[in-house]
$ cat input_1.txt   # compact mmCIF, C-alpha atoms
# COMPACT_ATOMS: atom_id res chain seq x y z
CA MET A 726 11.32 -6.79 -22.25
CA LYS A 727 7.74 -6.61 -23.43
CA GLU A 728 5.66 -3.61 -22.41
CA VAL A 729 3.63 -4.47 -19.31
CA GLY A 730 0.73 -2.88 -17.49
CA ILE A 731 -1.95 -3.19 -14.84
CA VAL A 732 -4.91 -5.24 -16.10
CA GLY A 733 -6.81 -5.42 -12.81
CA TYR A 734 -6.77 -3.88 -9.36
CA GLY A 735 -8.78 -4.05 -6.15
CA SER A 736 -8.64 -2.86 -2.56
CA ASP A 737 -10.00 -3.77 0.85
CA LEU A 738 -10.36 -2.03 4.21
CA PRO A 739 -11.80 -3.06 7.56
CA LYS A 740 -14.98 -1.17 8.48
CA TYR A 741 -13.87 -0.45 12.04
CA ARG A 742 -12.23 2.88 12.94
CA ILE A 743 -10.87 4.49 16.09
CA LYS A 744 -10.48 8.25 16.46
CA ALA A 745 -7.20 9.84 17.50
CA GLU A 746 -9.07 11.47 20.39
CA ASP A 747 -9.94 8.07 21.89
CA ILE A 748 -6.34 6.88 21.82
CA ALA A 749 -5.04 10.17 23.21
CA GLY A 750 -7.70 10.22 25.92
CA ALA A 751 -6.65 6.77 27.16
CA TRP A 752 -3.11 8.07 27.72
CA GLY A 753 -3.88 11.59 28.87
CA LYS A 754 -2.39 13.16 25.75
CA ASP A 755 -3.35 16.31 23.83
CA ALA A 756 -5.38 14.93 20.93
CA GLN A 757 -5.40 18.16 18.93
CA ALA A 758 -1.62 18.51 19.13
CA ILE A 759 -1.20 14.91 17.97
CA LYS A 760 -3.63 15.37 15.08
CA ARG A 761 -1.86 18.53 13.98
CA GLY A 762 1.57 16.94 14.28
CA LEU A 763 0.74 13.71 12.45
CA ILE A 764 -2.17 14.92 10.29
CA VAL A 765 -4.09 11.78 11.23
CA ASN A 766 -7.69 12.02 12.46
CA GLU A 767 -8.59 8.34 12.71
CA LYS A 768 -7.38 4.92 11.62
CA SER A 769 -8.76 1.58 10.51
CA VAL A 770 -8.91 -1.35 12.93
CA PRO A 771 -9.13 -4.97 11.75
CA GLY A 772 -11.98 -6.95 13.27
CA PRO A 773 -11.39 -10.19 15.19
CA ASP A 774 -11.96 -12.18 11.99
CA GLU A 775 -9.70 -10.04 9.80
CA ASP A 776 -5.97 -10.31 9.12
CA THR A 777 -3.53 -9.75 6.28
CA ALA A 778 -4.72 -12.91 4.52
CA THR A 779 -8.41 -11.97 4.52
CA ILE A 780 -7.63 -8.44 3.33
CA ALA A 781 -5.33 -9.78 0.60
CA VAL A 782 -7.93 -12.32 -0.58
CA GLN A 783 -10.69 -9.72 -0.85
CA SER A 784 -8.38 -7.28 -2.67
CA ALA A 785 -7.25 -10.01 -5.07
CA ARG A 786 -10.82 -11.10 -5.86
CA ARG A 787 -11.75 -7.53 -6.70
CA ALA A 788 -8.68 -7.21 -8.90
CA LEU A 789 -9.71 -10.37 -10.76
CA SER A 790 -13.21 -9.00 -11.20
CA ARG A 791 -11.88 -5.85 -12.83
CA ALA A 792 -9.34 -7.77 -14.94
CA GLY A 793 -11.95 -10.18 -16.29
CA ILE A 794 -9.34 -12.93 -16.75
CA ASN A 795 -9.26 -16.61 -15.83
CA PRO A 796 -7.40 -16.93 -12.49
CA LYS A 797 -5.85 -20.14 -13.79
CA ASP A 798 -3.80 -18.02 -16.20
CA ILE A 799 -1.97 -16.31 -13.30
CA GLY A 800 1.57 -17.63 -13.02
CA ALA A 801 2.78 -15.88 -9.86
CA VAL A 802 1.30 -14.51 -6.64
CA TYR A 803 3.28 -12.33 -4.24
CA VAL A 804 1.94 -10.90 -0.99
CA GLY A 805 3.99 -8.15 0.62
CA SER A 806 3.38 -7.50 4.32
CA GLU A 807 5.08 -7.18 7.68
CA SER A 808 2.12 -8.77 9.46
CA HIS A 809 1.68 -12.14 7.75
CA PRO A 810 -0.63 -14.27 9.95
CA TYR A 811 1.89 -17.13 10.06
CA ALA A 812 5.60 -16.98 10.77
CA VAL A 813 5.96 -20.20 8.74
CA LYS A 814 3.18 -20.69 6.17
CA PRO A 815 2.72 -18.54 3.09
CA THR A 816 -0.08 -16.01 2.84
CA SER A 817 0.40 -16.09 -0.94
CA GLY A 818 -0.71 -19.72 -1.11
CA ILE A 819 -3.89 -18.90 0.82
CA VAL A 820 -4.67 -16.00 -1.51
CA ALA A 821 -4.03 -18.01 -4.68
CA GLU A 822 -6.20 -20.96 -3.68
CA ALA A 823 -9.01 -18.69 -2.44
CA CYS A 824 -8.97 -16.97 -5.84
CA GLY A 825 -8.94 -20.16 -7.93
CA VAL A 826 -5.36 -19.90 -9.20
CA SER A 827 -4.12 -23.18 -10.71
CA PRO A 828 -1.51 -25.05 -8.56
CA ASP A 829 1.15 -24.72 -11.27
CA PHE A 830 2.23 -21.22 -10.24
CA THR A 831 5.06 -19.69 -8.24
CA ALA A 832 4.44 -17.78 -5.01
CA ALA A 833 6.22 -16.09 -2.16
CA ASP A 834 5.57 -13.88 0.84
CA LEU A 835 7.63 -10.69 0.75
CA GLU A 836 8.92 -8.47 3.53
CA PHE A 837 10.58 -5.08 3.22
CA ALA A 838 8.71 -3.08 5.82
CA CYS A 839 6.19 -0.86 4.02
CA LYS A 840 7.43 -1.35 0.44
CA ALA A 841 6.96 -5.11 0.18
CA GLY A 842 3.86 -4.61 -1.97
CA THR A 843 5.64 -2.47 -4.55
CA ALA A 844 8.58 -4.89 -4.58
CA GLY A 845 6.05 -7.53 -5.58
CA ILE A 846 4.80 -5.33 -8.42
CA GLN A 847 8.36 -5.01 -9.75
CA MET A 848 8.81 -8.80 -9.61
CA CYS A 849 5.57 -9.28 -11.53
CA MET A 850 6.67 -6.73 -14.14
CA GLY A 851 9.88 -8.69 -14.72
CA LEU A 852 8.21 -12.10 -14.91
CA VAL A 853 5.50 -10.97 -17.33
CA GLY A 854 7.82 -8.72 -19.33
CA SER A 855 10.29 -11.58 -19.87
CA GLU A 856 7.41 -13.77 -21.08
CA MET A 857 7.84 -16.35 -18.33
CA MET A 858 4.09 -16.10 -17.70
CA GLU A 859 0.96 -14.40 -18.99
CA TYR A 860 -0.18 -12.73 -15.75
CA ALA A 861 1.17 -12.19 -12.25
CA MET A 862 -0.41 -10.75 -9.12
CA ALA A 863 1.10 -8.57 -6.38
CA VAL A 864 -0.68 -7.67 -3.14
CA GLY A 865 0.38 -5.16 -0.50
CA ALA A 866 -1.55 -5.61 2.75
CA ASP A 867 -0.99 -5.19 6.48
CA THR A 868 -2.59 -5.19 9.90
CA ALA A 869 0.11 -2.98 11.37
CA GLN A 870 1.31 -3.18 14.96
CA GLY A 871 1.92 -0.37 17.44
CA ALA A 872 2.67 -0.77 21.14
CA PRO A 873 0.11 0.69 23.58
CA GLY A 874 1.06 4.28 24.35
CA ASP A 875 3.61 4.49 21.52
CA ALA A 876 3.36 7.17 18.83
CA LEU A 877 2.77 4.39 16.28
CA GLU A 878 -0.54 3.58 17.95
CA TYR A 879 -2.12 6.67 16.39
CA THR A 880 -1.22 5.56 12.86
CA ALA A 881 -0.67 1.77 12.63
CA ALA A 882 -3.69 0.66 10.61
CA ALA A 883 -5.03 -2.11 8.34
CA GLY A 884 -5.84 -2.40 4.64
CA GLY A 885 -4.46 -3.45 1.30
CA ALA A 886 -4.69 -3.53 -2.48
CA ALA A 887 -3.90 -6.01 -5.25
CA PHE A 888 -2.66 -5.51 -8.81
CA ILE A 889 -2.65 -7.97 -11.70
CA ILE A 890 0.11 -7.38 -14.23
CA GLY A 891 -0.16 -8.47 -17.86
CA ALA A 892 1.35 -7.83 -21.29
CA LYS A 893 -1.69 -7.64 -23.60
CA LYS A 894 -2.00 -3.96 -24.50
CA GLU A 895 -5.73 -4.21 -25.17
CA GLU A 896 -6.20 -5.29 -21.52
CA PHE A 897 -4.14 -2.50 -19.94
CA ILE A 898 -5.89 -0.28 -17.43
CA ALA A 899 -2.58 1.51 -17.05
CA LYS A 900 0.86 0.86 -18.51
CA PHE A 901 4.23 1.06 -16.78
CA ASN A 902 6.60 3.52 -18.42
CA GLY A 903 9.43 2.72 -16.04
CA THR A 904 10.50 1.87 -12.50
CA TYR A 905 13.45 2.80 -10.28
CA SER A 906 14.63 1.83 -6.77
CA TYR A 907 16.88 3.39 -4.15
CA THR A 908 18.07 1.28 -1.19
CA THR A 909 20.51 1.61 1.75
CA ASP A 910 21.13 -0.01 5.12
CA THR A 911 19.37 2.54 7.35
CA PRO A 912 18.00 0.99 10.58
CA ASP A 913 15.17 3.40 11.38
CA PHE A 914 12.52 0.77 12.23
CA TRP A 915 12.73 -2.89 13.22
CA ARG A 916 11.10 -5.81 15.04
CA ARG A 917 12.98 -8.91 16.13
CA GLU A 918 11.52 -12.42 16.21
CA HIS A 919 9.09 -13.01 19.13
CA GLU A 920 8.65 -9.31 19.81
CA HIS A 921 5.03 -8.18 19.59
CA TYR A 922 5.70 -4.60 18.55
CA PRO A 923 8.27 -2.82 16.39
CA LYS A 924 10.73 -0.21 17.60
CA HIS A 925 11.63 2.98 15.76
CA GLY A 926 14.39 5.54 15.76
CA GLY A 927 12.17 8.51 16.62
CA ARG A 928 13.29 11.61 14.76
CA PHE A 929 15.90 9.50 12.96
CA THR A 930 13.02 8.13 10.86
CA GLY A 931 12.65 11.50 9.09
CA GLU A 932 15.59 13.03 7.25
CA PRO A 933 18.11 10.14 7.05
CA ALA A 934 15.42 7.53 6.47
CA TYR A 935 12.08 8.49 4.90
CA PHE A 936 13.04 11.71 3.13
CA LYS A 937 16.45 10.55 1.91
CA HIS A 938 14.97 7.49 0.22
CA VAL A 939 11.68 8.92 -1.04
CA LEU A 940 13.30 12.03 -2.49
CA ASN A 941 16.21 10.15 -4.04
CA GLY A 942 13.86 7.50 -5.39
CA ALA A 943 11.67 10.21 -6.90
CA LYS A 944 14.57 12.15 -8.38
CA GLY A 945 16.09 8.98 -9.83
CA MET A 946 12.79 8.10 -11.48
CA MET A 947 12.38 11.57 -12.96
CA GLU A 948 15.95 11.61 -14.21
CA LYS A 949 15.45 8.23 -15.84
CA MET A 950 12.25 9.38 -17.56
CA GLY A 951 13.39 12.94 -18.30
CA THR A 952 10.42 14.40 -16.40
CA SER A 953 9.55 16.77 -13.58
CA ALA A 954 6.52 17.15 -11.31
CA LYS A 955 4.60 19.18 -13.89
CA ASP A 956 4.56 16.20 -16.28
CA TYR A 957 2.24 14.19 -14.01
CA ASP A 958 -1.47 14.45 -13.28
CA TYR A 959 -1.32 12.51 -10.00
CA CYS A 960 1.22 11.36 -7.46
CA VAL A 961 1.28 9.09 -4.43
CA PHE A 962 3.98 8.57 -1.81
CA HIS A 963 4.34 6.35 1.21
CA GLN A 964 2.47 7.93 4.10
CA PRO A 965 3.55 6.93 7.62
CA ASN A 966 1.65 10.09 8.56
CA GLY A 967 0.12 12.97 6.66
CA LYS A 968 2.94 15.39 7.49
CA PHE A 969 5.74 13.39 5.84
CA TYR A 970 3.62 12.80 2.74
CA LEU A 971 2.79 16.47 2.25
CA THR A 972 6.38 17.56 2.89
CA ALA A 973 7.76 15.11 0.31
CA ALA A 974 5.15 16.08 -2.29
CA LYS A 975 5.81 19.80 -1.88
CA LYS A 976 9.61 19.40 -1.91
CA LEU A 977 9.30 17.65 -5.26
CA GLY A 978 7.07 20.38 -6.68
CA PHE A 979 3.69 18.61 -6.66
CA THR A 980 0.46 20.52 -6.03
CA GLU A 981 -2.61 19.61 -4.00
CA GLU A 982 -4.52 18.67 -7.15
CA GLN A 983 -1.81 16.13 -7.92
CA TYR A 984 -1.40 14.60 -4.45
CA LYS A 985 -4.87 14.77 -2.88
CA TYR A 986 -6.27 11.42 -4.11
CA GLY A 987 -3.17 9.52 -3.04
CA LEU A 988 -3.27 10.88 0.52
CA LEU A 989 -5.42 8.53 2.64
CA THR A 990 -3.58 8.57 5.98
CA PRO A 991 -5.64 11.36 7.62
CA TYR A 992 -8.77 9.19 7.30
CA LEU A 993 -7.23 5.73 7.44
CA GLY A 994 -3.88 5.72 9.21
CA ASN A 995 -0.72 4.07 7.90
CA THR A 996 -1.51 0.72 6.30
CA TYR A 997 2.21 -0.04 5.87
CA SER A 998 2.60 -2.34 2.82
CA GLY A 999 -0.91 -1.37 1.81
CA ALA A 1000 -0.34 2.39 1.92
CA VAL A 1001 0.99 3.13 -1.57
CA PRO A 1002 -1.08 0.36 -3.24
CA LEU A 1003 -4.23 1.81 -1.65
CA GLY A 1004 -3.27 5.34 -2.67
CA LEU A 1005 -2.67 4.15 -6.23
CA SER A 1006 -6.00 2.31 -6.28
CA ASN A 1007 -7.81 5.49 -5.21
CA ILE A 1008 -6.07 7.46 -7.94
CA LEU A 1009 -7.05 4.87 -10.55
CA ASP A 1010 -10.65 5.13 -9.32
CA HIS A 1011 -10.58 8.85 -10.23
CA ALA A 1012 -8.27 8.84 -13.25
CA LYS A 1013 -9.08 9.08 -16.95
CA ALA A 1014 -7.32 8.02 -20.14
CA ASP A 1015 -3.81 9.44 -20.67
CA ASP A 1016 -3.44 10.64 -17.07
CA ARG A 1017 0.11 10.10 -15.85
CA ILE A 1018 0.80 8.90 -12.31
CA PHE A 1019 3.99 9.21 -10.26
CA VAL A 1020 4.45 6.64 -7.48
CA VAL A 1021 7.10 6.33 -4.75
CA SER A 1022 6.88 3.78 -1.94
CA TYR A 1023 9.09 3.58 1.14
CA GLY A 1024 10.13 0.73 3.40
CA SER A 1025 12.11 1.19 6.57
CA GLY A 1026 15.45 -0.51 6.63
CA ALA A 1027 15.47 1.24 4.08
CA GLY A 1028 14.42 1.68 0.45
CA SER A 1029 12.03 3.18 -2.07
CA ASP A 1030 10.47 1.91 -5.30
CA ALA A 1031 9.29 4.44 -7.87
CA PHE A 1032 7.00 4.01 -10.88
CA ASP A 1033 5.91 6.09 -13.85
CA ILE A 1034 2.44 4.99 -15.03
CA THR A 1035 0.08 6.13 -17.80
CA VAL A 1036 -3.65 5.37 -17.58
CA THR A 1037 -5.47 3.96 -20.63
CA GLU A 1038 -9.03 4.28 -21.95
CA ARG A 1039 -9.99 0.93 -20.43
CA ILE A 1040 -10.07 2.49 -16.96
CA SER A 1041 -13.59 3.80 -17.62
CA GLU A 1042 -14.77 0.25 -18.38
CA VAL A 1043 -13.57 -1.36 -15.15
CA VAL A 1044 -13.84 1.13 -12.28
CA ASP A 1045 -17.50 0.42 -11.54
CA LYS A 1046 -17.09 -3.36 -11.70
CA GLU A 1047 -16.02 -3.30 -8.04
CA ILE A 1048 -16.35 -1.10 -4.97
CA THR A 1049 -13.98 1.86 -5.05
CA THR A 1050 -11.47 2.70 -2.34
CA GLU A 1051 -13.37 5.88 -1.56
CA LYS A 1052 -16.56 3.89 -0.93
CA LEU A 1053 -14.66 1.55 1.36
CA LEU A 1054 -13.44 4.57 3.32
CA GLU A 1055 -17.02 5.71 3.80
CA GLN A 1056 -18.15 2.36 5.21
CA LYS A 1057 -17.08 2.67 8.82
CA LYS A 1058 -18.06 1.90 12.38
CA TYR A 1059 -16.25 3.51 15.31
CA VAL A 1060 -14.97 1.53 18.29
CA ASP A 1061 -13.68 2.80 21.63
CA TYR A 1062 -10.21 2.17 23.02
CA ALA A 1063 -11.24 -0.91 25.03
CA VAL A 1064 -12.75 -2.63 22.00
CA TYR A 1065 -9.70 -1.61 19.95
CA LEU A 1066 -7.40 -3.31 22.50
CA LYS A 1067 -9.55 -6.44 22.38
CA TYR A 1068 -9.63 -6.63 18.59
CA ARG A 1069 -5.88 -6.09 18.30
CA GLY A 1070 -5.01 -8.63 20.99
CA LYS A 1071 -3.22 -6.06 23.12
CA ILE A 1072 -4.63 -7.30 26.42
CA ARG A 1073 -2.24 -10.07 27.42
CA MET A 1074 -2.47 -12.31 30.45
$ encode --input "input_1.txt" --output "structure tokens"
Amino acid sequence: MKEVGIVGYGSDLPKYRIKAEDIAGAWGKDAQAIKRGLIVNEKSVPGPDEDTATIAVQSARRALSRAGINPKDIGAVYVGSESHPYAVKPTSGIVAEACGVSPDFTAADLEFACKAGTAGIQMCMGLVGSEMMEYAMAVGADTAQGAPGDALEYTAAAGGAAFIIGAKKEEFIAKFNGTYSYTTDTPDFWRREHEHYPKHGGRFTGEPAYFKHVLNGAKGMMEKMGTSAKDYDYCVFHQPNGKFYLTAAKKLGFTEEQYKYGLLTPYLGNTYSGAVPLGLSNILDHAKADDRIFVVSYGSGAGSDAFDITVTERISEVVDKEITTEKLLEQKKYVDYAVYLKYRGKIRM
């Protein structure tokens, strides 16, 4: 396998937000207790003209801008999401054509709950590393669903990020040192065909699901690389809420300085397949040459993908070519609960 790395990245977020207080107020709940319990203050809301495809396209275009490559040289496009706009029609084809990718490429839409985006990154690493193609693109994006009144409604958000993987060392923004996955059949979260909203196993989603896979994925990655938390400058984990993220980071020995840039959920909500890609994009926006990043995603069902990444000097050349994730977070417009219901199509006749 050739050494592979990230040669371009980009992110996208809707500008609309709804505060936890507005959701809690509609259901007569204690907003402060919910915010303390979930560590989520507000979340993003896709507008009526936004979906996973539009978010993926914008992210991919920004990744191409930072990469500075010809889109016709991309040999694969994968879009990971659990909210693809079509049940039968690939989002990946939409993204590729909108970005000017030549028709002689391979593409697929991926699903593995919230880790479909990182699964795409691993596929791209293999295809480029085996010299089947020069570049490959992976996108993690979602417009997550949560039933009215359900606990998920406080967190299910929208956003995404794209990464272009290549093998030319002079083009690396960051190189992959290794990857590791941990997967079991753990049914903590699911949605059957024709159902509008997913169901979850309540407290079952914690210890036997999220923590078992994230912690084992992290430990497996560290064992493979011969490292510990102190060897990394930054880390990012899947973040269904702020509480789980912080607990996982602290159990593994990471400090606030290491995990703060990856933690976006308090200001954004859980963007599902976009969560870890967005956290990684924000870290790259702040990183400098030789910084080492530890990444662990999580997808219900259940599994985790882990990555060990080292940033290169080229990061300083590309960050300002596109809007940063932090700037996207700052561009926001609040909506009330009625507008939120309208935009999310939750008022059904």
$ residues_around --input "input_1.txt" --residues "A:Glu932" --least-positions-apart "6" --cutoff "12 Å" --atoms "only C-alpha atoms" --output "VMD selection string"
chain A and resid 911 913 926 938 to 941 969 972 to 973
$ residues_around --input "input_1.txt" --residues "A:Tyr959" --least-positions-apart "3" --cutoff "12 Å" --atoms "all atoms listed in the file" --output "PDB file with C-alpha atoms, keeping the file's coordinate frame"
ATOM      1  CA  ALA A 954       6.520  17.150 -11.310  1.00  0.00           C
ATOM      2  CA  LYS A 955       4.600  19.180 -13.890  1.00  0.00           C
ATOM      3  CA  ASP A 956       4.560  16.200 -16.280  1.00  0.00           C
ATOM      4  CA  PHE A 962       3.980   8.570  -1.810  1.00  0.00           C
ATOM      5  CA  ALA A 974       5.150  16.080  -2.290  1.00  0.00           C
ATOM      6  CA  GLY A 978       7.070  20.380  -6.680  1.00  0.00           C
ATOM      7  CA  PHE A 979       3.690  18.610  -6.660  1.00  0.00           C
ATOM      8  CA  THR A 980       0.460  20.520  -6.030  1.00  0.00           C
ATOM      9  CA  GLU A 981      -2.610  19.610  -4.000  1.00  0.00           C
ATOM     10  CA  GLU A 982      -4.520  18.670  -7.150  1.00  0.00           C
ATOM     11  CA  GLN A 983      -1.810  16.130  -7.920  1.00  0.00           C
ATOM     12  CA  TYR A 984      -1.400  14.600  -4.450  1.00  0.00           C
ATOM     13  CA  LYS A 985      -4.870  14.770  -2.880  1.00  0.00           C
ATOM     14  CA  TYR A 986      -6.270  11.420  -4.110  1.00  0.00           C
ATOM     15  CA  GLY A 987      -3.170   9.520  -3.040  1.00  0.00           C
ATOM     16  CA  LEU A 988      -3.270  10.880   0.520  1.00  0.00           C
ATOM     17  CA  GLY A1004      -3.270   5.340  -2.670  1.00  0.00           C
ATOM     18  CA  LEU A1005      -2.670   4.150  -6.230  1.00  0.00           C
ATOM     19  CA  SER A1006      -6.000   2.310  -6.280  1.00  0.00           C
ATOM     20  CA  ASN A1007      -7.810   5.490  -5.210  1.00  0.00           C
ATOM     21  CA  ILE A1008      -6.070   7.460  -7.940  1.00  0.00           C
ATOM     22  CA  LEU A1009      -7.050   4.870 -10.550  1.00  0.00           C
ATOM     23  CA  ASP A1010     -10.650   5.130  -9.320  1.00  0.00           C
ATOM     24  CA  HIS A1011     -10.580   8.850 -10.230  1.00  0.00           C
ATOM     25  CA  ALA A1012      -8.270   8.840 -13.250  1.00  0.00           C
ATOM     26  CA  LYS A1013      -9.080   9.080 -16.950  1.00  0.00           C
ATOM     27  CA  ASP A1015      -3.810   9.440 -20.670  1.00  0.00           C
ATOM     28  CA  ASP A1016      -3.440  10.640 -17.070  1.00  0.00           C
ATOM     29  CA  ARG A1017       0.110  10.100 -15.850  1.00  0.00           C
ATOM     30  CA  ILE A1018       0.800   8.900 -12.310  1.00  0.00           C
ATOM     31  CA  PHE A1019       3.990   9.210 -10.260  1.00  0.00           C
ATOM     32  CA  VAL A1020       4.450   6.640  -7.480  1.00  0.00           C
ATOM     33  CA  VAL A1021       7.100   6.330  -4.750  1.00  0.00           C
ATOM     34  CA  PHE A1032       7.000   4.010 -10.880  1.00  0.00           C
ATOM     35  CA  ASP A1033       5.910   6.090 -13.850  1.00  0.00           C
ATOM     36  CA  ILE A1034       2.440   4.990 -15.030  1.00  0.00           C
ATOM     37  CA  THR A1035       0.080   6.130 -17.800  1.00  0.00           C
ATOM     38  CA  VAL A1036      -3.650   5.370 -17.580  1.00  0.00           C
TER      39      VAL A1036
END
$ closest_residue --input "input_1.txt" --among "A:Ala1027, A:Leu763, A:Ala832, A:Val804" --to "A:Lys937" --atoms "all atoms listed in the file"
A:Ala1027
$ residues_around --input "input_1.txt" --residues "A:Gly871" --least-positions-apart "3" --cutoff "9 Å" --atoms "only C-alpha atoms" --output "list in words"
Gly874, Asp875, Ala876, Leu877, Glu878, Tyr879, Thr880, Ala881, Ala882, His921, Tyr922, Pro923 and Lys924 of chain A
$ closest_residue --input "input_1.txt" --among "A:His925, A:Lys727, A:Lys768, A:Lys894" --to "A:Asp747" --atoms "all atoms listed in the file"
A:Lys768
$ residues_around --input "input_1.txt" --residues "A:Ala1000" --least-positions-apart "2" --cutoff "10 Å" --atoms "all atoms listed in the file" --output "CSV table (one decimal) with C-alpha atoms, in the frame of the given file"
chain,number,residue,atom,x,y,z
A,839,CYS,CA,6.2,-0.9,4.0
A,840,LYS,CA,7.4,-1.4,0.4
A,842,GLY,CA,3.9,-4.6,-2.0
A,865,GLY,CA,0.4,-5.2,-0.5
A,866,ALA,CA,-1.6,-5.6,2.8
A,867,ASP,CA,-1.0,-5.2,6.5
A,882,ALA,CA,-3.7,0.7,10.6
A,883,ALA,CA,-5.0,-2.1,8.3
A,884,GLY,CA,-5.8,-2.4,4.6
A,885,GLY,CA,-4.5,-3.4,1.3
A,886,ALA,CA,-4.7,-3.5,-2.5
A,961,VAL,CA,1.3,9.1,-4.4
A,962,PHE,CA,4.0,8.6,-1.8
A,963,HIS,CA,4.3,6.4,1.2
A,964,GLN,CA,2.5,7.9,4.1
A,965,PRO,CA,3.6,6.9,7.6
A,987,GLY,CA,-3.2,9.5,-3.0
A,988,LEU,CA,-3.3,10.9,0.5
A,989,LEU,CA,-5.4,8.5,2.6
A,990,THR,CA,-3.6,8.6,6.0
A,993,LEU,CA,-7.2,5.7,7.4
A,994,GLY,CA,-3.9,5.7,9.2
A,995,ASN,CA,-0.7,4.1,7.9
A,996,THR,CA,-1.5,0.7,6.3
A,997,TYR,CA,2.2,0.0,5.9
A,998,SER,CA,2.6,-2.3,2.8
A,1002,PRO,CA,-1.1,0.4,-3.2
A,1003,LEU,CA,-4.2,1.8,-1.6
A,1004,GLY,CA,-3.3,5.3,-2.7
A,1005,LEU,CA,-2.7,4.2,-6.2
A,1006,SER,CA,-6.0,2.3,-6.3
A,1022,SER,CA,6.9,3.8,-1.9
A,1023,TYR,CA,9.1,3.6,1.1
$ atom_distance --input "input_1.txt" --atom1 "atom CA of A:His919" --atom2 "atom CA of A:Ala887"
28.5 Å
$ closest_residue --input "input_1.txt" --among "A:Ala1031, A:Val1001, A:Ile794, A:Val813" --to "A:Gly891" --atoms "only C-alpha atoms"
A:Ile794
$ atom_distance --input "input_1.txt" --atom1 "atom CA of A:Leu835" --atom2 "atom CA of A:Thr909"
17.8 Å
$ residues_near_point --input "input_1.txt" --point "(-3.1, 3.6, 27.2)" --cutoff "7 Å" --atoms "all atoms listed in the file" --output "PyMOL selection string"
chain A and resi 751-752+873-874
$ write_last_selection --input "input_1.txt" --atoms "C-alpha atoms" --output "mmCIF file, in the coordinates of the input"
data_model
loop_
_atom_site.group_PDB
_atom_site.id
_atom_site.type_symbol
_atom_site.label_atom_id
_atom_site.label_comp_id
_atom_site.auth_asym_id
_atom_site.auth_seq_id
_atom_site.Cartn_x
_atom_site.Cartn_y
_atom_site.Cartn_z
ATOM 1 C CA ALA A 751 -6.650 6.770 27.160
ATOM 2 C CA TRP A 752 -3.110 8.070 27.720
ATOM 3 C CA PRO A 873 0.110 0.690 23.580
ATOM 4 C CA GLY A 874 1.060 4.280 24.350
#
$ closest_residue --input "input_1.txt" --among "A:Ser827, A:Ser817, A:Asn795, A:Thr1050" --to "A:Gly845" --atoms "only C-alpha atoms"
A:Ser817
$ residues_around --input "input_1.txt" --residues "A:Thr777" --least-positions-apart "3" --cutoff "7 Å" --atoms "only C-alpha atoms" --output "list of chain:residue names"
A:Ile780, A:Ala781, A:Ser808, A:His809, A:Pro810, A:Ala866, A:Asp867, A:Thr868
$ closest_residue --input "input_1.txt" --among "A:Val765, A:Met726, A:Glu1055, A:Ala788" --to "A:Tyr970" --atoms "only C-alpha atoms"
A:Val765
$ closest_residue --input "input_1.txt" --among "A:Thr843, A:Thr930, A:Ser953, A:Gln870" --to "A:Lys1071" --atoms "all atoms listed in the file"
A:Gln870
$ atom_distance --input "input_1.txt" --atom1 "atom CA of A:Val1043" --atom2 "atom CA of A:Ala861"
18.5 Å
$ residues_near_point --input "input_1.txt" --point "(-14.0, -1.3, 1.5)" --cutoff "10 Å" --atoms "all atoms listed in the file" --output "list in words"
Gly735, Ser736, Asp737, Leu738, Pro739, Lys740, Ile780, Gln783, Ser784, Gly884, Gly885, Glu1047, Ile1048, Thr1049, Thr1050, Glu1051, Lys1052, Leu1053, Leu1054, Glu1055, Gln1056 and Lys1057 of chain A
$ axis_aligned_box --input "input_1.txt" --around "stretch 938-941 of chain A" --padding-each-side "3 Å" --output "lines of an AutoDock Vina configuration file"
center_x = 13.9
center_y = 9.8
center_z = -1.9
size_x = 10.5
size_y = 10.5
size_z = 10.3
$ build_atoms --input "input_1.txt" --residues "stretch 974-981 of chain A" --atoms "N, CA and C atoms" --output "PDB file, in the coordinates of the input"
ATOM      1  N   ALA A 974       5.820  15.639  -1.071  1.00  0.00           N
ATOM      2  CA  ALA A 974       5.150  16.080  -2.290  1.00  0.00           C
ATOM      3  C   ALA A 974       5.521  17.519  -2.633  1.00  0.00           C
ATOM      4  N   LYS A 975       5.511  18.383  -1.638  1.00  0.00           N
ATOM      5  CA  LYS A 975       5.810  19.800  -1.880  1.00  0.00           C
ATOM      6  C   LYS A 975       7.285  20.017  -2.233  1.00  0.00           C
ATOM      7  N   LYS A 976       8.184  19.268  -1.584  1.00  0.00           N
ATOM      8  CA  LYS A 976       9.610  19.400  -1.910  1.00  0.00           C
ATOM      9  C   LYS A 976       9.890  19.024  -3.354  1.00  0.00           C
ATOM     10  N   LEU A 977       9.095  18.105  -3.888  1.00  0.00           N
ATOM     11  CA  LEU A 977       9.300  17.650  -5.260  1.00  0.00           C
ATOM     12  C   LEU A 977       8.540  18.503  -6.278  1.00  0.00           C
ATOM     13  N   GLY A 978       7.755  19.456  -5.788  1.00  0.00           N
ATOM     14  CA  GLY A 978       7.070  20.380  -6.680  1.00  0.00           C
ATOM     15  C   GLY A 978       5.660  19.985  -7.064  1.00  0.00           C
ATOM     16  N   PHE A 979       5.054  19.026  -6.342  1.00  0.00           N
ATOM     17  CA  PHE A 979       3.690  18.610  -6.660  1.00  0.00           C
ATOM     18  C   PHE A 979       2.679  19.503  -5.946  1.00  0.00           C
ATOM     19  N   THR A 980       1.527  19.677  -6.563  1.00  0.00           N
ATOM     20  CA  THR A 980       0.460  20.520  -6.030  1.00  0.00           C
ATOM     21  C   THR A 980      -0.619  19.658  -5.362  1.00  0.00           C
ATOM     22  N   GLU A 981      -1.529  20.326  -4.666  1.00  0.00           N
ATOM     23  CA  GLU A 981      -2.610  19.610  -4.000  1.00  0.00           C
ATOM     24  C   GLU A 981      -3.469  18.822  -4.980  1.00  0.00           C
TER      25      GLU A 981
END
